[in-house]
Structures are given as structure tokens and as C-alpha cells.
Protein chains: 2
Amino acid sequence: MEKKQIPDIIVSRLPVYLRALRHLQAQNQRTTSSQELGEQVGISAAQIRKDLSQFGEFGKQGTGYAIPFLVDKLREILQVEHVWDVALIGMGDMGHALARYPGFRDRGFRVAMVFDNDPAKIGEKVGEFDIQDAREMGKAILEAGIRVAMVCVPAAAAQAVTNQLVEAGIKAILNYASINLSVPAGVRVQYLDPSIGLQRMTYYLE
Amino acid sequence: MEKKQIPDIIVSRLPVYLRALRHLQAQNQRTTSSQELGEQVGISAAQIRKDLSQFGEFGKQGTGYAIPFLVDKLREILQVEHVWDVALIGMGDMGHALARYPGFRDRGFRVAMVFDNDPAKIGEKVGEFDIQDAREMGKAILEAGIRVAMVCVPAAAAQAVTNQLVEAGIKAILNYASINLSVPAGVRVQYLDPSIGLQRMTYYLE
């Protein structure tokens, strides 16, 4: 697949389509249309058809999309047909919530190890995990070949942690710290900052 | 301001600029350039200049942007120069983390009330809050005139909760449930779904 040629804005919509398709599937629906999917996700039917057509011919004129087929295809395109081990750094409130988060299941991810630098937390059990010493982080991630991490440390510590993660081979970081992270080319960061999500909406409030 | 004419994609970048400017400000920096800001946020200097020019003349050729001035302007544009009360629904792990989240402070938000429908949780204290009965939610939100809510309930309950919130006058919803929500025109939803954030990145992993 010539990945370089697909705009990231299109890639960013595929997980949203996948989530909506899984939701329809859970309701035992077998087929859908770009119209129906569009209503589910708040994106026009034309845009959905255009987005999906970048990756192949997934639907038929008149009969629409076979949901199990399209789900499989999207999981394959997004490379979540197998499960990625994820390292979680920072076991404050948000880290704890993510360690126990049920929404990774069946969506391609599994928290595999958790770290903190607080001696009072190291060794503590969170669900099925022992919190490991953050000083062991680089070595443990490298040895396990983990490529995906979630950063839940305070903003002041996030860049230093990120640098260590990058050195340990992490290529994808989900960042919960309220700070922009610098990473080298080839490493991606996504931001889940609740204040940013809220500020995007207050702009429109009257 | 003629808000209708600004594309949402531009609006979505303003909180990111604001976060980066606040970060520079915290380091006692007084001025910045679109180049420096661009490096901080991973967006081109030209794009930043173009985005900001939609709202006025904020910088000077040669001397760049005065950070305190631009921070004030962005806070005003995003309407976070005052503090919005936020209702939080669903006091599982994620709800607990958000109720205690320090990252709303100084960014325009304050969790003002928290709700759950679990009799075992109602009345329990979370930080400074008593968890209130979700059956009282609509009335309490309406009386307090709250416009902003965060939904942290299980996916199966999220649409029903959303319907109640909309009826109570909520206009902006930050949704943590792994489901697309239907809302009427005039109500906005932002999604903070960690699996979506991760899937956007695994696409690119080799």
C-alpha cells in the first residue's frame, strides 16, 4: 500500500468509521450504506465513499457495504487485526483509569506494562499489573519490542519521558500530558487533552 | 465576530497554539515567532500566520508576537477568559480521574457537579464533590445553567445520557464513551477515545 499518498485527515476518519461499523455489528446488522454510516458519524455519505475508495472497492452500488467485510478491511488497513502491546507511563489517576480501561479490548490494544517513578507506587498492583520502576522503562520496552506507549506523567516530566521512549524504540505515543511533545521524524504523537477538546467547543457557545 | 466563516479545522488548532504559548509564557518568554511556535506544535509557520490572520493582526513583521497579548486574544476568541462550569456524568475510573484532573485549572473549566446512577456511589465523596444521583442530573444542570458536560458512562448508556443532557441545555459534550453520539444541530461533541487515538497511529507503523 502506498501509505505516503493517503492524507492523514482521511486516515484519521477510518477509526471512526470502524467504531461505528462495530456498533452496527453489535446490533446484528449485516449491511450498511454510506448514508447510514454518515448519519452515525456526522460525516457526509460522499466523503465516506471518497475516503474508502482510496483503499479499494468495498461496497456495491445499490447493496451498500457488507459490514463484516468492511470491518475486516479497516482493521487490516489500520493494522489492528492483531493486538499491540502498549506501555503505560505515569500511574496517577489517569494512568490508573487507562490501566483498567475496558475499551482497548477487541480494538487492537493491550496494556502490557505500567511504570511510575514514585517509590511509593513501584511494586503496587493495578489490576493485573505490578507498577514497575520508571528507571527500568527503556530496557523493558526495548526487550519486549513494544512500539506503542501512553504518557500520563505531569507536563513537566513528559518531554524527558518521551525522549526515553523514543530511544527505546517507541513509534507511537498517546499523550495525556498538557504539553506539545517534540519527537523525531518517524515517531507519531496523538494528544488526548480534555481542555483542548473543551476549548474547541466553547468557541461556538453563545 | 463572524464565526460561521471560520473553518472548524482552524478553530481546532487555536487551543493547541494557546497551550504552546502558555508553555512558553511559563518559561518567562515574552515574545515568539510563527517559526518558533510552529516548531513547538508541529505546524508550519505559514499555516500559523494564516490561521491567526483570520482573527486579526496579532503580530508584527520582524518582532513577532507578544505572548501575553496573543494569549489574551486566543482566550477571548475561544471564550475561555472566564471559567465554564462543567457537569461530569459517570464516576467510573475515567470519571474519577477527570473529577480530580488538575489540567482544567487556568484553562477555562471547572468541574462543578458529578453524577452516577449506581446507588453504591451516590453520596460518595470524590475530592470536593458529592456524587449526585443521575436521576437529578437534568434538573440540577438546568437550574445551574451549565452548558458543558463530560460523558464517562459505558457506551451502552451514553446516548440516553446525552439525550437528557441536551434536554437540560447542554451545548458542548466531551465524550469518553466509545460510541458516536447523535445530537441535534447547535450541540457539539468532541471525542476522547484512546483506541481511536492509537488506531490513527498504528496505520503508519511498519
# chains A, B, ... in the order shown; residues from 1 in each chain; ligands from 1
$ closest_atom_pairs --of "chain B" --to "chain A" --cutoff "8 Å" --atoms "only C-alpha atoms" --output "CSV"
residue,atom,partner,partner_atom,distance
B:Lys3,CA,A:Tyr204,CA,7.6
B:Val11,CA,A:Arg200,CA,6.4
B:Ser12,CA,A:Arg200,CA,5.4
B:Leu14,CA,A:Arg200,CA,7.9
B:Pro15,CA,A:Ile196,CA,5.5
B:Val16,CA,A:Ile196,CA,7.0
B:Arg19,CA,A:Ile179,CA,7.0
B:Ala20,CA,A:Asn180,CA,6.7
B:His23,CA,A:Ile179,CA,7.4
B:Gln40,CA,A:Asn180,CA,6.4
B:Val41,CA,A:Asn180,CA,6.0
B:Ile77,CA,A:Tyr203,CA,6.5
B:Leu78,CA,A:Tyr203,CA,4.2
B:Gln79,CA,A:Tyr203,CA,5.7
B:Val80,CA,A:Gln199,CA,7.1
B:Asp93,CA,A:Ala97,CA,4.7
B:Met94,CA,A:Ala97,CA,5.2
B:His96,CA,A:Asp93,CA,7.4
B:Ala97,CA,A:Asp93,CA,4.7
B:Leu98,CA,A:Met94,CA,7.7
B:Arg100,CA,A:Asp93,CA,7.7
B:Tyr101,CA,A:Asp93,CA,7.9
B:Gly103,CA,A:Ser178,CA,6.9
B:Phe104,CA,A:Ser195,CA,5.9
B:Arg107,CA,A:Ser195,CA,6.6
B:Gly108,CA,A:Gln199,CA,7.9
B:Phe109,CA,A:Ser195,CA,7.5
B:Lys171,CA,A:Leu205,CA,7.3
B:Ala172,CA,A:Met201,CA,6.0
B:Ile173,CA,A:Leu198,CA,7.9
B:Leu174,CA,A:Leu198,CA,6.6
B:Ser178,CA,A:Gly103,CA,6.9
B:Ile179,CA,A:Arg19,CA,7.0
B:Asn180,CA,A:Val41,CA,6.0
B:Leu181,CA,A:Gln40,CA,7.6
B:Ser182,CA,A:Gln40,CA,7.2
B:Arg188,CA,A:Met201,CA,6.6
B:Val189,CA,A:Met201,CA,7.8
B:Gln190,CA,A:Gly197,CA,6.0
B:Tyr191,CA,A:Gly197,CA,7.7
B:Leu192,CA,A:Leu192,CA,6.2
B:Pro194,CA,A:Leu192,CA,7.5
B:Ser195,CA,A:Phe104,CA,5.9
B:Ile196,CA,A:Pro15,CA,5.5
B:Gly197,CA,A:Gln190,CA,6.0
B:Leu198,CA,A:Leu174,CA,6.6
B:Gln199,CA,A:Leu78,CA,6.1
B:Arg200,CA,A:Ser12,CA,5.4
B:Met201,CA,A:Ala172,CA,6.0
B:Thr202,CA,A:Gln79,CA,6.0
B:Tyr203,CA,A:Leu78,CA,4.2
B:Tyr204,CA,A:Lys3,CA,7.5
B:Leu205,CA,A:Lys171,CA,7.3
$ select_by_dssp --residues "chain A" --states "alpha helix (DSSP H)" --output "PyMOL selection string"
chain A and resi 8-26+34-41+45-53+67-77+93-99+137-144+155-167+194-202
$ residues_around --residues "stretch 119-122 of chain B" --least-positions-apart "3" --cutoff "12 Å" --atoms "only C-alpha atoms" --output "VMD selection string"
chain B and resid 89 to 92 96 114 to 116 125 to 126 129 to 136
$ residues_around --residues "A:Thr31" --least-positions-apart "6" --cutoff "10 Å" --atoms "only C-alpha atoms" --output "PyMOL selection string"
chain A and resi 21+24-25+59+63-70
$ select_by_dssp --residues "stretch 34-168 of chain B" --states "strand (DSSP E or B)" --output "count of residues only"
30
$ residues_around --residues "stretch 163-169 of chain A" --least-positions-apart "3" --cutoff "7 Å" --atoms "only C-alpha atoms" --output "NGL selection string"
:A and (138 or 141-142 or 147 or 159-160)
